[in-house]
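Step one of this worksheet: look at the structure below.
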Amino acid sequence: MSARETAADAIVIGAGLAGSALAFELQKRGLTVIVLEALSAHALAASGNPAGIWMPHATAQLTSTTQFYLRSLRELLSDPLLAECRLPQRQNGAIQLAHSPASEKRLRSALEYLPSDLARWCSAAELSAIAGTHMACGGLFFPQAGMLYPRRLTELRLQGPRINVIYEQIVHSARWQPDAKTWRLGCQNGKHYESRYVLLAQASAVRSISAAAWLPVIPVRGQLLYLQAGQALTELNCPVSYEGYISPCLPPSAERFQSPGDAAVCQVIGATFEHWNTRTELIPAQHQRLYEMARRTLPALPKANVETNPGRVSFRSSSPDRFLLAGRLPHLESLQTSLDQNPHQMHAWLQRWPRVQAWPQTGISLAHASRGILTSGLTARLVVADLLDEQLSPADQQYLAAGQPTRYLQRNLRRHGKLLPVE
């Protein structure tokens, strides 16, 4: 292999939404990048769904995570790549239905902080007119939301002369070389790679790299139901979210943005969210459950047995509090030494996150769960800027702080008097 194939300024582990966004940000700054992907093509895991929705995250109160999602949405809307991977809709936007009294209370509370250009309350009749089909209840309409092809967005981010994507590379070791101030990565096939910076964006690699093995990354099973021509709700103008979600019909051109070998799909209904389920095959009963959930809020869907329909199973990564992990990779052994020497100061140290106790020149972007379309871009910008010691605005510093994995160490220290085990 040539030097370009084995060494670069930065190595990104993972060629999904998170990894491609990191590579894109690094290339923008003039760095050469190697992207190591365990599978045979980009975005074959959770980033490979045929279509994905982006919309504001409506919570009852404005929190630091909600602010992060709002900032992520603004940055996604300003991304010039968005126009090249949007799913065409007869009606721009997306709907979130108030499918229960609790969800109605939450959505109405969210209107107190959601900007008026991003969200407005609509009655069932108003939403029915927007959607082109009868809605069983009212809810929020997000005029600037929509759907896109995740694999297309990933593909666009990975293009460029400074990015070299190498597939079927399962990273199993990462060793810091202090004299050279570089990282040396080893793969299961015996190949090695070197770089100044390493950025981890693939959940499957976390347990294989000792420095990151403590991170609380949880695999979450998601099953999608594919409706075929003749089953689809063709009059639906835009995506609708409820307990699950349903897409408008995908055009024939969408096939070229699907994962290789994926079944033909006219309309997508999703998705389960099961951290306890490790089954990789489609579960027929879950197909039917997803369909019946959709029928409760979209009565125009006919009664049907969809248990034998095609679909997709993938495993998204999440964390115990369902928020992403981003920033520099904490050096756990160094933090433990500090705790042993100064037990009463550890809370303060973790809060201000001393960089000297992070692994050198290493960043992470993990656990985006079902919101990688929304959050991967902002996360990548913040992680790369911080790693390269660029000046971050006070607001950006707060956004980055929200995703720091040290929050779990703080919780463990407060509740158990020790850094690990992470909950």
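Ordering of the structure tokens sets the chain letters (A, B, ...), residue numbers begin anew at 1 in every chain, and ligands are numbered from 1 in the order given.
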Which polymer residues have any atom within 9 Å of an atom of A:Ser64, counting only C-alpha atoms, with same-chain residues fewer than 4 positions away left out, as a PyMOL selection string? chain A and resi 68-69+398-399+402
Quick one: write out the picked residues with C-alpha atoms as a PDB file, in the first residue's frame?
ATOM      1  CA  PHE A  68     -28.448  21.573  20.713  1.00  0.00           C
ATOM      2  CA  TYR A  69     -31.131  20.081  18.467  1.00  0.00           C
ATOM      3  CA  GLN A 398     -22.110  25.128  25.648  1.00  0.00           C
ATOM      4  CA  TYR A 399     -23.314  22.938  22.780  1.00  0.00           C
ATOM      5  CA  ALA A 402     -23.741  19.066  26.463  1.00  0.00           C
TER       6      ALA A 402
END
Residues of stretch 171-339 of chain A classed as alpha helix (DSSP H) by DSSP on the backbone are to be reported as a list in words. Pro284, Ala285, Gln286, His287, Gln288, Arg289, Leu290, Tyr291, Glu292, Met293, Ala294, Arg295, Arg296, Thr297, Leu332, Glu333, Ser334, Leu335, Gln336, Thr337, Ser338 and Leu339 of chain A
Using C-alpha atoms, can you write the selected residues to a file as a PDB file, in the first residue's frame?
ATOM      1  CA  PRO A 284     -43.311 -10.286  11.468  1.00  0.00           C
ATOM      2  CA  ALA A 285     -45.330  -9.287  14.536  1.00  0.00           C
ATOM      3  CA  GLN A 286     -43.391  -6.028  14.771  1.00  0.00           C
ATOM      4  CA  HIS A 287     -44.257  -5.243  11.159  1.00  0.00           C
ATOM      5  CA  GLN A 288     -47.932  -5.594  12.004  1.00  0.00           C
ATOM      6  CA  ARG A 289     -47.547  -3.524  15.172  1.00  0.00           C
ATOM      7  CA  LEU A 290     -45.865  -0.699  13.248  1.00  0.00           C
ATOM      8  CA  TYR A 291     -48.665  -0.747  10.682  1.00  0.00           C
ATOM      9  CA  GLU A 292     -51.442  -0.689  13.282  1.00  0.00           C
ATOM     10  CA  MET A 293     -49.770   2.246  15.046  1.00  0.00           C
ATOM     11  CA  ALA A 294     -49.827   4.150  11.768  1.00  0.00           C
ATOM     12  CA  ARG A 295     -53.477   3.247  11.123  1.00  0.00           C
ATOM     13  CA  ARG A 296     -54.551   4.710  14.475  1.00  0.00           C
ATOM     14  CA  THR A 297     -53.477   8.184  13.389  1.00  0.00           C
ATOM     15  CA  LEU A 332      -9.882   7.392  32.264  1.00  0.00           C
ATOM     16  CA  GLU A 333      -6.667   6.248  33.956  1.00  0.00           C
ATOM     17  CA  SER A 334      -5.461   9.843  34.315  1.00  0.00           C
ATOM     18  CA  LEU A 335      -8.791  10.898  35.779  1.00  0.00           C
ATOM     19  CA  GLN A 336      -8.716   7.980  38.209  1.00  0.00           C
ATOM     20  CA  THR A 337      -5.236   9.010  39.377  1.00  0.00           C
ATOM     21  CA  SER A 338      -6.475  12.554  39.957  1.00  0.00           C
ATOM     22  CA  LEU A 339      -9.441  11.198  41.889  1.00  0.00           C
TER      23      LEU A 339
END
Closest to A:Ala304 among A:Asn49, A:Asn412, A:Ser116, A:Gln231, using only C-alpha atoms?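 Nearest to A:Ala304: A:Gln231.
Rounded to one decimal, atom CA of A:Ser100 and atom CA of A:Cys137 lie 9.0 Å from each other.
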Within 8 Å of A:Ala300, counting only C-alpha atoms, which residues qualify if same-chain residues fewer than 4 places away don't, as a ChimeraX atom specification? /A:133-134,233,295
Keeping only N, CA and C atoms, take the residues you just selected and write them out as a PDB file, in the first residue's frame.
ATOM      1  N   THR A 133     -54.388  13.855   3.469  1.00  0.00           N
ATOM      2  CA  THR A 133     -55.175  12.707   3.930  1.00  0.00           C
ATOM      3  C   THR A 133     -55.631  12.982   5.352  1.00  0.00           C
ATOM      4  N   HIS A 134     -56.649  12.268   5.799  1.00  0.00           N
ATOM      5  CA  HIS A 134     -57.259  12.563   7.098  1.00  0.00           C
ATOM      6  C   HIS A 134     -56.304  12.260   8.250  1.00  0.00           C
ATOM      7  N   LEU A 233     -49.960   4.666   1.043  1.00  0.00           N
ATOM      8  CA  LEU A 233     -50.883   5.792   1.168  1.00  0.00           C
ATOM      9  C   LEU A 233     -50.371   6.884   0.227  1.00  0.00           C
ATOM     10  N   ARG A 295     -52.044   3.196  11.438  1.00  0.00           N
ATOM     11  CA  ARG A 295     -53.477   3.247  11.123  1.00  0.00           C
ATOM     12  C   ARG A 295     -54.276   4.016  12.176  1.00  0.00           C
TER      13      ARG A 295
END
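Those residues of stretch 1-68 of chain A that DSSP, working from the backbone, places in strand (DSSP E) are Ala7, Ala8, Asp9, Ala10, Ile11, Val12, Ile13, Val33, Ile34, Val35, Leu36, Gly52, Ile53 and Trp54 of chain A.
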